[in-house]
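Structure first, then comments.
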Protein chains: 2
Amino acid sequence: MTMQLHCFGESGNAYKVALALELTGTDWRPVFVDFFNGGTRTPEFRALNEMGEVPVLVDGDTVLTQSGVILDYLSSKTGKLGGRSAAERREVLRWLFWDNHKLSTQAGTVRFLANFLPEAKRPEGVIPFLQGRLKASYTILDAHLAGRDWIVGDGPTIADLSCCGYLYYPEPFGFDRADWPHIDRWLDRIAALPGWKHPYELMPGNPSDRA
Amino acid sequence: MTMQLHCFGESGNAYKVALALELTGTDWRPVFVDFFNGGTRTPEFRALNEMGEVPVLVDGDTVLTQSGVILDYLSSKTGKLGGRSAAERREVLRWLFWDNHKLSTQAGTVRFLANFLPEAKRPEGVIPFLQGRLKASYTILDAHLAGRDWIVGDGPTIADLSCCGYLYYPEPFGFDRADWPHIDRWLDRIAALPGWKHPYELMPGNPSDRA
């Protein structure tokens, strides 16, 4: 049965899942959520996800939200990208939590504020503060990737797909690949995986729709 | 064997784990990390956790970090607080991710900025911005708890322990229980569990040490 992913192109959290669906060879289709016109605030969407966020994955009767949960579900179901032992799976989960706690949550917010909010509405001081916190996160990830190809073990896992969620987008938010050589090469490595696609190729909706 | 939890009293993320250790009846002891004097930045601590954060749980040869991973490990190991079916366990994981992504990460930051950073160093505009985001999170949690006693299923789980991590602290950061009646009663319910203790009773270090 074709899985449905409720998503929109600008969401790095949805991109993590779209990429996992693609790289595991899962049969899926995107369902566009019109976030910029209140699409996550409708009663219909809230009935699907009380948290009011994409991604939402529908697999028959199973409705899942939170990218970390969906990635874990897909790797369990397909036997791919999940790590090769209990210790590796715990390490994968560790980086999923770190990403949610320290990387993507701030990257998504600062990218939104810097690109998708009218300049007059941008809250004073918040962007540099979040960029400072992100710099600490890039430092940790870059150091971790020095001397290793993938975040966990010797092949790609959902930990890589989670942490890269916001790092391929073209809109500037203070992340410059040239500053982080190990992250830079790791992003090239992920982009070389068979089936890899850019977020705006994989999901409907992108900033040019609103230009 | 006695588990060791590297922690300090002010860390809500460490509190989640300390509370789980206590409520599952696990044999453990705290190891104080002197965060306010650079204790998470030393080479020794970084060797334990490259992410530079508490909590760190040491169980024999197993070293675990990220509160969500440790909570999952403890509930698996003890058979307690983890949910009663695969669907409940996924729902537990969903709230753990939501907490890391939307609740504790912001609550910890704003509480730190508002209480533990000298007023002159507080970045302009950041506290009200984060409080606005937190209000959206409290709204989601309060609505979820309307008409139910626990976040998942009909008993306490690690999802409850994760989401309550920063909500018992006395230092003001813009969370007032009176504004959120369902959260308020749920916090009373957790505090009535046999073995419950306040963060400053369970872990060494609290603001009066630095007064």
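Residues in the structure tokens are numbered from 1 in each chain, the chains being A, B, ... in the order shown, and ligands are numbered from 1 in the order shown.
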
- Message: I need the contact residues of chain A against chain B, so if you could list those with any atom within 8 Å, counting only C-alpha atoms, and return them as an NGL selection string, that would help.
- Response: :A and (50-51 or 65-66 or 68-69 or 90 or 93-94 or 97-98 or 100-102 or 105 or 123-126 or 129 or 140 or 144)

Selection to disk with C-alpha atoms, as a short mmCIF file (atom, residue, chain, number, x, y, z; two decimals), in the first residue's frame:
data_model
loop_
_atom_site.label_atom_id
_atom_site.label_comp_id
_atom_site.auth_asym_id
_atom_site.auth_seq_id
_atom_site.Cartn_x
_atom_site.Cartn_y
_atom_site.Cartn_z
CA GLU A 50 -2.66 17.47 17.64
CA MET A 51 0.95 18.78 17.68
CA THR A 65 4.21 12.02 13.66
CA GLN A 66 7.58 13.38 14.81
CA GLY A 68 12.39 10.71 14.83
CA VAL A 69 9.50 8.28 15.39
CA ARG A 90 21.05 3.20 20.63
CA LEU A 93 18.68 7.12 18.64
CA ARG A 94 21.16 9.31 20.52
CA PHE A 97 17.56 13.10 19.95
CA TRP A 98 20.57 15.38 19.74
CA ASN A 100 15.91 17.33 17.67
CA HIS A 101 17.25 18.98 20.79
CA LYS A 102 20.22 20.93 19.51
CA THR A 105 14.99 22.75 16.16
CA PRO A 123 12.19 39.65 16.54
CA GLU A 124 15.24 41.70 17.50
CA GLY A 125 18.27 39.74 18.69
CA VAL A 126 16.87 36.25 18.20
CA PHE A 129 21.39 34.21 19.52
CA ILE A 140 30.09 19.04 17.80
CA HIS A 144 32.30 13.83 15.35
#

- Message: So that I can check the secondary structure, give me every residue of segment 32-73 of chain B assigned helix (DSSP H, G or I) by backbone DSSP, as an MDAnalysis selection string.
- Response: chainID B and resid 35:37 43:48 67:73

Output for the residues just chosen: all heavy atoms as a compact mmCIF listing (two decimals), in the first residue's frame:
# COMPACT_ATOMS: atom_id res chain seq x y z
N PHE B 35 28.70 22.20 36.43
CA PHE B 35 28.39 22.90 35.18
C PHE B 35 28.73 24.38 35.24
O PHE B 35 29.28 24.94 34.30
CB PHE B 35 26.89 22.71 34.88
CG PHE B 35 26.40 23.53 33.72
CD1 PHE B 35 26.57 23.09 32.42
CD2 PHE B 35 25.75 24.75 33.93
CE1 PHE B 35 26.09 23.84 31.34
CE2 PHE B 35 25.29 25.51 32.85
CZ PHE B 35 25.46 25.04 31.56
N PHE B 36 28.41 25.02 36.36
CA PHE B 36 28.57 26.48 36.44
C PHE B 36 30.04 26.90 36.57
O PHE B 36 30.36 28.07 36.48
CB PHE B 36 27.70 27.06 37.55
CG PHE B 36 26.23 26.98 37.22
CD1 PHE B 36 25.45 25.92 37.65
CD2 PHE B 36 25.64 27.96 36.43
CE1 PHE B 36 24.10 25.84 37.32
CE2 PHE B 36 24.29 27.89 36.10
CZ PHE B 36 23.53 26.81 36.54
N ASN B 37 30.92 25.91 36.76
CA ASN B 37 32.35 26.19 36.72
C ASN B 37 33.04 25.40 35.60
O ASN B 37 34.19 24.97 35.74
CB ASN B 37 32.99 25.90 38.08
CG ASN B 37 32.61 26.96 39.10
OD1 ASN B 37 32.85 28.15 38.89
ND2 ASN B 37 31.98 26.53 40.18
N PRO B 43 38.31 18.16 29.27
CA PRO B 43 38.63 17.01 28.40
C PRO B 43 38.07 15.70 28.95
O PRO B 43 37.59 14.85 28.19
CB PRO B 43 40.16 16.99 28.38
CG PRO B 43 40.60 18.36 28.77
CD PRO B 43 39.52 18.92 29.66
N GLU B 44 38.09 15.53 30.28
CA GLU B 44 37.58 14.29 30.88
C GLU B 44 36.09 14.14 30.59
O GLU B 44 35.62 13.06 30.23
CB GLU B 44 37.79 14.29 32.40
CG GLU B 44 39.25 14.26 32.86
CD GLU B 44 39.98 15.59 32.67
OE1 GLU B 44 39.31 16.66 32.60
OE2 GLU B 44 41.23 15.57 32.56
N PHE B 45 35.36 15.24 30.76
CA PHE B 45 33.92 15.13 30.52
C PHE B 45 33.63 14.93 29.03
O PHE B 45 32.77 14.12 28.66
CB PHE B 45 33.15 16.35 31.05
CG PHE B 45 31.66 16.13 31.02
CD1 PHE B 45 31.03 15.46 32.04
CD2 PHE B 45 30.91 16.54 29.92
CE1 PHE B 45 29.66 15.20 31.98
CE2 PHE B 45 29.54 16.28 29.85
CZ PHE B 45 28.91 15.61 30.89
N ARG B 46 34.38 15.63 28.17
CA ARG B 46 34.17 15.47 26.72
C ARG B 46 34.50 14.05 26.27
O ARG B 46 33.91 13.55 25.30
CB ARG B 46 35.00 16.50 25.95
CG ARG B 46 34.51 17.94 26.16
CD ARG B 46 33.20 18.21 25.44
NE ARG B 46 32.55 19.41 25.93
CZ ARG B 46 31.94 20.31 25.16
NH1 ARG B 46 31.85 20.14 23.86
NH2 ARG B 46 31.37 21.38 25.69
N ALA B 47 35.44 13.39 26.96
CA ALA B 47 35.74 11.99 26.62
C ALA B 47 34.55 11.10 26.97
O ALA B 47 34.29 10.09 26.30
CB ALA B 47 37.00 11.53 27.36
N LEU B 48 33.81 11.48 28.01
CA LEU B 48 32.62 10.73 28.42
C LEU B 48 31.46 11.03 27.47
O LEU B 48 30.70 10.14 27.10
CB LEU B 48 32.26 11.16 29.85
CG LEU B 48 31.35 10.30 30.68
CD1 LEU B 48 31.97 8.94 30.95
CD2 LEU B 48 31.06 11.00 32.02
N SER B 67 18.77 12.31 27.31
CA SER B 67 17.76 11.83 28.26
C SER B 67 16.78 10.87 27.60
O SER B 67 16.37 9.87 28.21
CB SER B 67 17.02 13.01 28.90
OG SER B 67 16.27 13.73 27.94
N GLY B 68 16.40 11.13 26.34
CA GLY B 68 15.43 10.25 25.67
C GLY B 68 15.97 8.84 25.50
O GLY B 68 15.23 7.85 25.68
N VAL B 69 17.24 8.71 25.17
CA VAL B 69 17.86 7.39 25.02
C VAL B 69 17.94 6.68 26.36
O VAL B 69 17.65 5.49 26.48
CB VAL B 69 19.29 7.55 24.43
CG1 VAL B 69 20.02 6.22 24.43
CG2 VAL B 69 19.22 8.13 23.02
N ILE B 70 18.32 7.43 27.40
CA ILE B 70 18.48 6.81 28.72
C ILE B 70 17.12 6.37 29.26
O ILE B 70 16.98 5.28 29.83
CB ILE B 70 19.17 7.79 29.70
CG1 ILE B 70 20.53 8.24 29.12
CG2 ILE B 70 19.36 7.11 31.05
CD1 ILE B 70 21.22 9.32 29.97
N LEU B 71 16.11 7.20 29.08
CA LEU B 71 14.76 6.83 29.54
C LEU B 71 14.29 5.56 28.84
O LEU B 71 13.72 4.66 29.46
CB LEU B 71 13.77 7.98 29.29
CG LEU B 71 13.97 9.24 30.15
CD1 LEU B 71 13.05 10.36 29.66
CD2 LEU B 71 13.72 8.95 31.62
N ASP B 72 14.53 5.48 27.53
CA ASP B 72 14.16 4.29 26.76
C ASP B 72 14.91 3.06 27.27
O ASP B 72 14.33 1.98 27.45
CB ASP B 72 14.47 4.56 25.28
CG ASP B 72 14.12 3.39 24.38
OD1 ASP B 72 12.92 3.08 24.29
OD2 ASP B 72 15.04 2.78 23.80
N TYR B 73 16.18 3.23 27.55
CA TYR B 73 17.02 2.14 28.07
C TYR B 73 16.51 1.66 29.43
O TYR B 73 16.36 0.46 29.66
CB TYR B 73 18.46 2.64 28.17
CG TYR B 73 19.45 1.69 28.79
CD1 TYR B 73 20.02 0.66 28.04
CD2 TYR B 73 19.85 1.83 30.13
CE1 TYR B 73 20.96 -0.19 28.61
CE2 TYR B 73 20.79 0.98 30.70
CZ TYR B 73 21.34 -0.03 29.93
OH TYR B 73 22.26 -0.88 30.49

- Query: If we count only C-alpha atoms, what is near Arg189 of chain A at a cut-off of 9 Å, once residues fewer than 5 positions away on the same chain are taken out, given as JSON, numbers by chain?
  - Reply: {"A": [149, 150, 184]}

- Task: Figure out the distance between atom CA of Ala86 of chain B and atom CA of Trp186 of chain B, please, to one decimal in Å.
- Result: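 Separating atom CA of Trp186 of chain B from atom CA of Ala86 of chain B is a distance of 24.1 Å.
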
- Note on the structure: As a check of understanding: the span from atom CA of Glu22 of chain A to atom CA of Trp196 of chain A is 7.3 Å

- Go through B:Glu171, B:Asp34, B:Glu88, B:Asp27 one by one, measure the shortest atom-to-atom distance of each to Ala107 of chain B using only C-alpha atoms, and give the residue with the smallest value.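 Ranked by minimum distance to Ala107 of chain B, first place goes to B:Glu171.
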
- Message: What's around Asp142 of chain B at 9 Å? Count only C-alpha atoms, leave out sequence neighbours fewer than 3 positions away in its own chain, and write the answer as a PyMOL selection string.
- Response: chain B and resi 137-139+145-146+180-184

- Just give me the gap between atom CA of Val110 of chain B and atom CA of Tyr166 of chain B in Å, one decimal is fine.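 These atoms are spaced 10.6 Å apart.
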
- Within 12 Å of Pro194 of chain B, counting only C-alpha atoms, which residues qualify if same-chain residues fewer than 5 places away don't, as a list in words?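 These residues fall inside the cut-off: Leu19, Ala20, Glu22, Leu23, Thr24, Gly25, Pro156 and Arg189 of chain B.
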
Dump of N, CA and C atoms for the selected residues, as a short mmCIF file (atom, residue, chain, number, x, y, z; two decimals), in the first residue's frame:
data_model
loop_
_atom_site.label_atom_id
_atom_site.label_comp_id
_atom_site.auth_asym_id
_atom_site.auth_seq_id
_atom_site.Cartn_x
_atom_site.Cartn_y
_atom_site.Cartn_z
N LEU B 19 14.63 10.94 38.10
CA LEU B 19 13.28 10.56 38.51
C LEU B 19 12.94 9.15 38.01
N ALA B 20 13.33 8.84 36.79
CA ALA B 20 13.08 7.48 36.26
C ALA B 20 13.85 6.44 37.06
N GLU B 22 14.69 6.63 40.17
CA GLU B 22 14.04 6.54 41.47
C GLU B 22 12.71 5.77 41.38
N LEU B 23 11.91 6.11 40.39
CA LEU B 23 10.57 5.51 40.29
C LEU B 23 10.62 4.06 39.83
N THR B 24 11.69 3.66 39.16
CA THR B 24 11.82 2.25 38.78
C THR B 24 12.54 1.44 39.86
N GLY B 25 12.92 2.10 40.96
CA GLY B 25 13.59 1.38 42.05
C GLY B 25 14.99 0.91 41.69
N PRO B 156 1.48 6.14 34.30
CA PRO B 156 2.66 6.97 34.04
C PRO B 156 3.68 6.24 33.16
N ARG B 189 -0.27 14.84 39.97
CA ARG B 189 -0.39 13.38 39.85
C ARG B 189 1.00 12.74 39.83
#

- Task: Determine which residues of segment 2-91 of chain B receive a DSSP assignment of strand (DSSP E or B), computed from the backbone, and state them as an MDAnalysis selection string.
- Result: chainID B and resid 3:7 28:32 56:59 62:65
